[in-house]
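In what follows, a single structure is set out as structure tokens and then discussed.
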Number of protein chains: 4
Amino acid sequence: MLIVMRHGATEQEIQRVVAVIRDMGYEASPLPGAQRTAVGLVGNDGRVDASRLEGLPGVQEVIQVTKPYKQVSREWKPDPTVVRLAGGVTVGGSDVAVIAGPCSVESERQILEAARQVREAGAVILRGGAWKPRTSPYTFQGLGKPGLKLLAKARDEVGILICTEAMDPDGVGWVAEVADIIQIGARNMQNFSLLKAAGRAGKPVLLKRGMSATIEELLLSAEYLLAEGNHDVILCERGVRSFDTATRNLFDVSAISSRRTNASPRPTQITALR
Amino acid sequence: MLIVMRHGATEQEIQRVVAVIRDMGYEASPLPGAQRTAVGLVGNDGRVDASRLEGLPGVQEVIQVTKPYKQVSREWKPDPTVVRLAGGVTVGGSDVAVIAGPCSVESERQILEAARQVREAGAVILRGGAWKPRTSPYTFQGLGKPGLKLLAKARDEVGILICTEAMDPDGVGWVAEVADIIQIGARNMQNFSLLKAAGRAGKPVLLKRGMSATIEELLLSAEYLLAEGNHDVILCERGVRSFDTATRNLFDVSAISSRRTNASPRPTQITALR
Amino acid sequence: MLIVMRHGATEQEIQRVVAVIRDMGYEASPLPGAQRTAVGLVGNDGRVDASRLEGLPGVQEVIQVTKPYKQVSREWKPDPTVVRLAGGVTVGGSDVAVIAGPCSVESERQILEAARQVREAGAVILRGGAWKPRTSPYTFQGLGKPGLKLLAKARDEVGILICTEAMDPDGVGWVAEVADIIQIGARNMQNFSLLKAAGRAGKPVLLKRGMSATIEELLLSAEYLLAEGNHDVILCERGVRSFDTATRNLFDVSAISSRRTNASPRPTQITALR
Amino acid sequence: MLIVMRHGATEQEIQRVVAVIRDMGYEASPLPGAQRTAVGLVGNDGRVDASRLEGLPGVQEVIQVTKPYKQVSREWKPDPTVVRLAGGVTVGGSDVAVIAGPCSVESERQILEAARQVREAGAVILRGGAWKPRTSPYTFQGLGKPGLKLLAKARDEVGILICTEAMDPDGVGWVAEVADIIQIGARNMQNFSLLKAAGRAGKPVLLKRGMSATIEELLLSAEYLLAEGNHDVILCERGVRSFDTATRNLFDVSAISSRRTNASPRPTQITALR
């Protein structure tokens, strides 16, 4: 951690920062520059509370060097994660697992037909919403529990795994009973009550990136799942919001390699779920 | 609604669109142009299902003319809404109601002191989180129910109303019992299960704009509250995410007048809650 | 063109819009709806001046149906463009032409070595800046004309074509004399004086997308080049600015197919030039 | 400057960084942490070339502590700048100077009438484009030099100063001869050839923020003007591009105070020029 002092900060202010760092149990190392002094905090174990330093007189900003996420980091677990599902299907291994399906479950005929078509086209997991987060309260909100049963029927009849969205802690329980993967939608990526419930549900979770979430925020939301003991997390890049309405979402293809190299040991299954 | 045909769409394709519109119970009015034809749908009552038209051959795009929100619109209710709270405090009337307070409730001493200070400075409502949505699972998440009790104590001792955030349907119940206003946080603006619960809680709701929510999406989230019968909605502009990290949020000051003139009859109490 | 009236616009206001449209030489077709009336302008030849209609009483907005670009559109020229360069190199045909090289020309040794390396790796065109647009005035701004000579030397010795940036109308002349392709940088995508000069320079132009330019704006900047008679335009997707600083630019991979199908007949050579 | 090493960087790699810093003439101060080591560069005079350090093995990132701008900074010149114009008009002093006028000069009658109206409404400077940067090549591009003459006539007859845009180095000369303030448009904020010309023109410059320029980039563009010796710079906040199309630009009201406190001694005259 680096505490950057204002230009013109007094020697007293600098010494105060040094004293507080020592009081917190770390070492302080002042770095004078031509324009301003910065003070390095030595020995950061990831538990330093920056707010205590940010408020001190003469402090301009506090720069974090340590990453705020832990268990999702390759520094914590260098190997890529492989999520193992029923029937030998894996996500994150050498095979590419295709997840496909309609926006929502509408009828038995529709979902069985969709399951057959995506199976034939190579998909191993069917997705479709029993509950749908809708921008407007007047739009079709999904069939609910009967939709879950139709998904289960599609799995049995067609031989394909199923992935569907849970929208609240109660829904996590219902989805976990039936589906192979619990989906957390983009609008709920920072619904932390929901993440905690999903982290304790005992089923793999597919976590979609929020429409303006940074990669770091996505990884921290995944960290919520791991912190509850669930290590079977699949990250889903669905594109972010931009100034251009020519495409519905701006697909952030570079985010995939960024996660692979810098940060995440979780399987990065990127699918254009919409 | 306007159905724009592709350049080079055949007469047959245009006639098909006209026929489908009539079959849906509306009138169709073709508008030929030099580059392409558009077909107007006449008599739209706000319930037209565009998806049936979007998929037809030769159709390039469907342009909505009718706004998707209803009850929040000034076209539905032209007068500004005034939310009436205890002790004669109003939000949305001619007085400016200041809501202020710390990020979270940390201790009895801290919240009582904060309540006194903001009261003295002119605030009529105290805000402070008993539950805090945190990007990282390792950050302080709030005191929970004991925090609610401390807020109630601050109200009684200092004489100030209280506003605090609910993060899930269970939390809505607890907050509604104690607080004067239920706050929905920016990260939960499209947590529709939470919105439905808050809409049925019988207390005014302060709805914060999501970090990349359009004004239309904010109004549609408010519509969820009104659709459940709760008309006491306070919209909160807290700034949006931008490419510039020089300011934490980009405060969208123009959004306020935009809501006043075009769309919303709800009281637009804009506070920089952080 | 569709003129959308406000909710509650009077019959007189609607008739005024109809009258103005007729006065402009087009036909008007009113489309009454349950919430509001819209008036279609029939026979739009792409030269309608919307501002005359936008200001009329009772008008809420004017929706453009006709695309503002012409010559870059597939509706104007359906075949993909192939830019033919010296030595049988083509951009936009069935071969993928790789353009590669350093940010800027620094020395003879550096640029010759770079030319050899990219040639060996499969590139057919060398890029490197003789003039560099720099955010700060205190950063190295390029070698200028001597840099151009070094690029020409690299072409002669290594056998590779060269592409380099022009930053102002004078520079266009110097670059056009020497280089095979004139590059317009992202920061200058809407420097219209520069675009006009490049459109008249008689050499192919590689046009980089501005850091927050919509696809439509990119195509309109290309239209400036075509409007001056230069049809050898190569569009370059270099990524756009976003809220996330994890990647320097957000590479908009979907923009490529969007241009191919909807709009542009120009060769879309997408390279990650930085 | 802080050089952050990768987790797992070897002692040898750290020593290499230390050696290079010393070779560059600065002192190095390693800061070991629990997750990784960082190396502070001590004595930075603002001329350190980070690229030499970024490429070293084991280096994860280089964090700048020193601000890249100098003359525009309050650290360089603490007093606010006051731009003094003809007739005792000042921008940046205690009076608020209103600049107003139409988008472009269209005719003598129009600009004289506009000048009178804005004068009466309290404006002291008239703005209006003789040259207009237009997204489409088919839109009216301005009257050019005759437009400049009409502006001069408005000044003489109405008694108001004039501000108008220059779009290229030649145009800077013409505008500087006639106008009281040279305007640099948002699309040209990083047209560095234009900035250099304006910096040498001997007239005050109004610099509009680019549509997705950070505050730092705006200040660096202003630095181009100051670096050429022109200290009469007026910064113009015109709003930035966002994901929401409800408002044309997102007016960044917080940017004003940000510039005042952190960085800029230049007069921050914020006008909604469009």
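Scheme for the structure tokens: letters A, B, ... for chains in order shown; per-chain residue numbers from 1; ligand numbers from 1 in order shown.
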
- prompt: Do you know which residues are at most 9 Å from range 106-114 of chain B counting only C-alpha atoms, after dropping those on the same chain fewer than 6 positions away, and could you put them as a PyMOL selection string?
  reply: chain B and resi 126+128-130+142-143+147+150-151+153-155+157-158

task: Please report as an MDAnalysis selection string which residues of chain B come no farther than 7 Å from chain A, using only C-alpha atoms.
output: chainID B and resid 133 135:137 167:168 187:188 190:193 212 217 220:221 223:224

Generate the output file for the selected residues, N, CA and C atoms, as a CSV table (one decimal), in the first residue's frame.
chain,number,residue,atom,x,y,z
B,133,PRO,N,-24.3,-3.3,1.4
B,133,PRO,CA,-23.8,-4.1,0.2
B,133,PRO,C,-22.4,-3.8,0.0
B,135,THR,N,-18.7,-4.7,-2.0
B,135,THR,CA,-18.1,-5.3,-3.2
B,135,THR,C,-17.3,-6.6,-2.8
B,136,SER,N,-16.6,-6.5,-1.6
B,136,SER,CA,-15.8,-7.6,-1.2
B,136,SER,C,-16.5,-8.3,0.0
B,137,PRO,N,-16.4,-9.6,0.0
B,137,PRO,CA,-17.0,-10.3,1.2
B,137,PRO,C,-16.2,-10.2,2.5
B,167,MET,N,-31.7,-5.2,1.9
B,167,MET,CA,-31.0,-5.9,0.9
B,167,MET,C,-31.7,-7.2,0.3
B,168,ASP,N,-32.7,-7.7,1.0
B,168,ASP,CA,-33.4,-8.9,0.5
B,168,ASP,C,-34.9,-8.8,1.1
B,187,ARG,N,-27.0,-1.0,-6.4
B,187,ARG,CA,-26.7,-2.4,-6.9
B,187,ARG,C,-28.0,-3.2,-7.0
B,188,ASN,N,-29.0,-2.9,-6.3
B,188,ASN,CA,-30.2,-3.7,-6.2
B,188,ASN,C,-31.4,-3.0,-7.0
B,190,GLN,N,-32.3,-3.2,-10.0
B,190,GLN,CA,-33.0,-4.2,-10.8
B,190,GLN,C,-33.1,-5.6,-10.1
B,191,ASN,N,-33.1,-5.6,-8.8
B,191,ASN,CA,-33.4,-6.8,-8.0
B,191,ASN,C,-34.9,-6.8,-7.9
B,192,PHE,N,-35.6,-7.5,-8.8
B,192,PHE,CA,-37.0,-7.3,-8.9
B,192,PHE,C,-37.8,-8.0,-7.8
B,193,SER,N,-37.2,-9.1,-7.2
B,193,SER,CA,-37.8,-9.7,-6.1
B,193,SER,C,-37.9,-8.7,-4.9
B,212,SER,N,-25.2,2.0,-13.8
B,212,SER,CA,-25.3,2.3,-15.3
B,212,SER,C,-26.7,2.1,-15.8
B,217,GLU,N,-34.8,3.0,-17.4
B,217,GLU,CA,-34.8,1.8,-16.5
B,217,GLU,C,-35.1,2.2,-15.0
B,220,LEU,N,-38.7,2.5,-14.8
B,220,LEU,CA,-39.4,1.2,-14.9
B,220,LEU,C,-39.2,0.4,-13.5
B,221,SER,N,-38.1,0.6,-12.8
B,221,SER,CA,-37.9,0.0,-11.5
B,221,SER,C,-38.9,0.6,-10.5
B,223,GLU,N,-41.7,1.8,-11.4
B,223,GLU,CA,-43.0,1.3,-11.8
B,223,GLU,C,-43.3,-0.1,-11.1
B,224,TYR,N,-42.3,-0.9,-10.8
B,224,TYR,CA,-42.5,-2.1,-10.1
B,224,TYR,C,-43.1,-1.8,-8.7

- request: Write out as a ChimeraX atom specification the residues lying within 10 Å of Ala9 in chain C, counting only C-alpha atoms and excluding same-chain residues fewer than 2 positions away.
  value: /C:5-7,11-14,36-37,57-60

Keeping N, CA, C and O atoms for every residue in the selection just given, could you write it to a file as a CSV table (one decimal), in the first residue's frame?
chain,number,residue,atom,x,y,z
C,5,MET,N,-45.6,13.3,-31.8
C,5,MET,CA,-46.3,14.5,-31.1
C,5,MET,C,-46.3,14.2,-29.6
C,5,MET,O,-46.3,13.0,-29.2
C,6,ARG,N,-46.3,15.2,-28.8
C,6,ARG,CA,-46.5,15.0,-27.4
C,6,ARG,C,-47.9,14.5,-27.1
C,6,ARG,O,-48.9,14.7,-27.8
C,7,HIS,N,-48.0,13.8,-26.0
C,7,HIS,CA,-49.3,13.4,-25.4
C,7,HIS,C,-50.1,14.7,-25.2
C,7,HIS,O,-49.6,15.6,-24.5
C,11,GLU,N,-55.2,19.1,-32.1
C,11,GLU,CA,-55.4,18.8,-33.5
C,11,GLU,C,-54.8,19.9,-34.4
C,11,GLU,O,-54.2,19.6,-35.4
C,12,GLN,N,-54.8,21.1,-33.9
C,12,GLN,CA,-54.2,22.2,-34.6
C,12,GLN,C,-52.7,22.0,-34.8
C,12,GLN,O,-52.1,22.3,-35.8
C,13,GLU,N,-52.1,21.6,-33.7
C,13,GLU,CA,-50.6,21.4,-33.8
C,13,GLU,C,-50.3,20.2,-34.7
C,13,GLU,O,-49.3,20.3,-35.5
C,14,ILE,N,-51.1,19.2,-34.7
C,14,ILE,CA,-50.9,18.1,-35.7
C,14,ILE,C,-51.0,18.6,-37.1
C,14,ILE,O,-50.2,18.3,-38.0
C,36,ARG,N,-50.5,8.9,-28.1
C,36,ARG,CA,-50.1,10.1,-28.8
C,36,ARG,C,-50.2,9.8,-30.3
C,36,ARG,O,-50.3,8.6,-30.7
C,37,THR,N,-50.1,10.9,-31.1
C,37,THR,CA,-50.2,10.7,-32.5
C,37,THR,C,-48.7,10.9,-33.0
C,37,THR,O,-48.0,11.7,-32.5
C,57,PRO,N,-44.6,23.6,-32.4
C,57,PRO,CA,-45.3,23.3,-31.1
C,57,PRO,C,-45.9,22.0,-31.1
C,57,PRO,O,-46.5,21.5,-32.1
C,58,GLY,N,-45.8,21.3,-30.0
C,58,GLY,CA,-46.5,20.0,-29.9
C,58,GLY,C,-45.6,18.8,-30.3
C,58,GLY,O,-46.0,17.6,-30.1
C,59,VAL,N,-44.5,19.1,-30.9
C,59,VAL,CA,-43.6,18.0,-31.4
C,59,VAL,C,-42.7,17.5,-30.2
C,59,VAL,O,-42.0,18.3,-29.6
C,60,GLN,N,-42.7,16.2,-30.0
C,60,GLN,CA,-41.8,15.6,-28.9
C,60,GLN,C,-40.5,15.2,-29.5
C,60,GLN,O,-39.5,15.6,-28.9

field: Backbone DSSP call of alpha helix (DSSP H) for range 125-233 of chain D, listed as a ChimeraX atom specification
entry: /D:145-154,169-178,192-199,215-227

Store the residues picked out above, limited to N, CA and C atoms, as a CSV table (one decimal), in the first residue's frame.
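What ended up in part.csv:
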chain,number,residue,atom,x,y,z
D,145,LYS,N,-15.1,32.1,-44.2
D,145,LYS,CA,-14.6,33.5,-44.0
D,145,LYS,C,-15.7,34.6,-44.0
D,146,PRO,N,-16.7,34.5,-44.9
D,146,PRO,CA,-17.8,35.5,-44.8
D,146,PRO,C,-18.5,35.4,-43.4
D,147,GLY,N,-18.6,34.2,-42.8
D,147,GLY,CA,-19.2,34.1,-41.5
D,147,GLY,C,-18.4,34.9,-40.5
D,148,LEU,N,-17.1,34.9,-40.6
D,148,LEU,CA,-16.2,35.6,-39.7
D,148,LEU,C,-16.5,37.1,-39.8
D,149,LYS,N,-16.7,37.6,-41.0
D,149,LYS,CA,-17.0,39.0,-41.2
D,149,LYS,C,-18.4,39.4,-40.5
D,150,LEU,N,-19.3,38.5,-40.6
D,150,LEU,CA,-20.6,38.8,-40.0
D,150,LEU,C,-20.5,38.8,-38.5
D,151,LEU,N,-19.7,38.0,-37.9
D,151,LEU,CA,-19.4,38.0,-36.5
D,151,LEU,C,-18.8,39.4,-36.1
D,152,ALA,N,-17.8,39.8,-36.9
D,152,ALA,CA,-17.2,41.1,-36.6
D,152,ALA,C,-18.2,42.2,-36.7
D,153,LYS,N,-19.1,42.2,-37.6
D,153,LYS,CA,-20.1,43.2,-37.8
D,153,LYS,C,-21.0,43.2,-36.5
D,154,ALA,N,-21.4,42.0,-36.1
D,154,ALA,CA,-22.2,41.9,-34.9
D,154,ALA,C,-21.5,42.5,-33.7
D,169,PRO,N,-5.0,24.4,-38.7
D,169,PRO,CA,-4.0,25.5,-38.5
D,169,PRO,C,-4.2,26.7,-39.3
D,170,ASP,N,-4.7,26.6,-40.6
D,170,ASP,CA,-5.0,27.8,-41.4
D,170,ASP,C,-6.1,28.6,-40.7
D,171,GLY,N,-7.1,27.8,-40.3
D,171,GLY,CA,-8.3,28.5,-39.7
D,171,GLY,C,-7.9,29.3,-38.5
D,172,VAL,N,-6.9,28.8,-37.7
D,172,VAL,CA,-6.5,29.5,-36.5
D,172,VAL,C,-6.1,30.9,-36.8
D,173,GLY,N,-5.3,31.0,-37.9
D,173,GLY,CA,-4.8,32.3,-38.3
D,173,GLY,C,-6.0,33.3,-38.6
D,174,TRP,N,-7.0,32.8,-39.4
D,174,TRP,CA,-8.1,33.6,-39.8
D,174,TRP,C,-8.9,34.0,-38.6
D,175,VAL,N,-9.2,33.0,-37.7
D,175,VAL,CA,-10.0,33.3,-36.5
D,175,VAL,C,-9.3,34.3,-35.6
D,176,ALA,N,-8.0,34.1,-35.4
D,176,ALA,CA,-7.2,34.9,-34.5
D,176,ALA,C,-7.2,36.4,-35.0
D,177,GLU,N,-7.3,36.6,-36.3
D,177,GLU,CA,-7.3,38.0,-36.8
D,177,GLU,C,-8.6,38.7,-36.4
D,178,VAL,N,-9.7,38.0,-36.3
D,178,VAL,CA,-11.0,38.6,-36.1
D,178,VAL,C,-11.5,38.5,-34.7
D,192,PHE,N,-3.5,17.7,-31.9
D,192,PHE,CA,-2.4,18.4,-31.3
D,192,PHE,C,-1.7,19.4,-32.3
D,193,SER,N,-1.8,19.2,-33.6
D,193,SER,CA,-1.3,20.2,-34.5
D,193,SER,C,-2.1,21.4,-34.4
D,194,LEU,N,-3.4,21.3,-34.2
D,194,LEU,CA,-4.3,22.5,-34.0
D,194,LEU,C,-4.0,23.2,-32.7
D,195,LEU,N,-3.8,22.4,-31.6
D,195,LEU,CA,-3.5,23.0,-30.3
D,195,LEU,C,-2.2,23.8,-30.4
D,196,LYS,N,-1.2,23.2,-31.0
D,196,LYS,CA,0.1,23.9,-31.1
D,196,LYS,C,-0.1,25.3,-31.9
D,197,ALA,N,-0.9,25.2,-33.0
D,197,ALA,CA,-1.1,26.5,-33.7
D,197,ALA,C,-1.9,27.5,-32.8
D,198,ALA,N,-2.9,27.0,-32.1
D,198,ALA,CA,-3.6,27.9,-31.3
D,198,ALA,C,-2.8,28.5,-30.1
D,199,GLY,N,-1.8,27.7,-29.7
D,199,GLY,CA,-1.0,28.1,-28.6
D,199,GLY,C,0.0,29.3,-29.0
D,215,ILE,N,-10.6,14.2,-17.2
D,215,ILE,CA,-10.2,15.5,-16.8
D,215,ILE,C,-8.7,15.6,-17.0
D,216,GLU,N,-7.9,14.6,-16.7
D,216,GLU,CA,-6.5,14.6,-16.9
D,216,GLU,C,-6.1,14.9,-18.4
D,217,GLU,N,-6.8,14.3,-19.3
D,217,GLU,CA,-6.6,14.5,-20.7
D,217,GLU,C,-6.9,15.9,-21.1
D,218,LEU,N,-8.0,16.5,-20.6
D,218,LEU,CA,-8.3,17.9,-20.8
D,218,LEU,C,-7.2,18.8,-20.4
D,219,LEU,N,-6.7,18.5,-19.2
D,219,LEU,CA,-5.6,19.4,-18.6
D,219,LEU,C,-4.4,19.2,-19.4
D,220,LEU,N,-4.1,18.0,-19.9
D,220,LEU,CA,-2.9,17.8,-20.8
D,220,LEU,C,-3.0,18.5,-22.1
D,221,SER,N,-4.3,18.6,-22.7
D,221,SER,CA,-4.5,19.4,-23.9
D,221,SER,C,-4.3,20.8,-23.6
D,222,ALA,N,-4.7,21.3,-22.4
D,222,ALA,CA,-4.5,22.7,-22.1
D,222,ALA,C,-3.0,22.9,-21.9
D,223,GLU,N,-2.3,21.9,-21.4
D,223,GLU,CA,-0.8,22.0,-21.3
D,223,GLU,C,-0.1,22.3,-22.6
D,224,TYR,N,-0.7,21.7,-23.7
D,224,TYR,CA,-0.1,22.0,-25.0
D,224,TYR,C,-0.2,23.5,-25.3
D,225,LEU,N,-1.3,24.1,-25.0
D,225,LEU,CA,-1.4,25.6,-25.2
D,225,LEU,C,-0.4,26.4,-24.4
D,226,LEU,N,-0.3,26.0,-23.1
D,226,LEU,CA,0.6,26.7,-22.2
D,226,LEU,C,2.1,26.5,-22.6
D,227,ALA,N,2.3,25.3,-23.1
D,227,ALA,CA,3.7,24.9,-23.4
D,227,ALA,C,4.2,25.8,-24.6

task: Work out how far CA of Thr245 in chain A is from CA of Val42 in chain C, in Å to one decimal.
output: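 Going from CA of Val42 in chain C over to CA of Thr245 in chain A, I get 26.1 Å.
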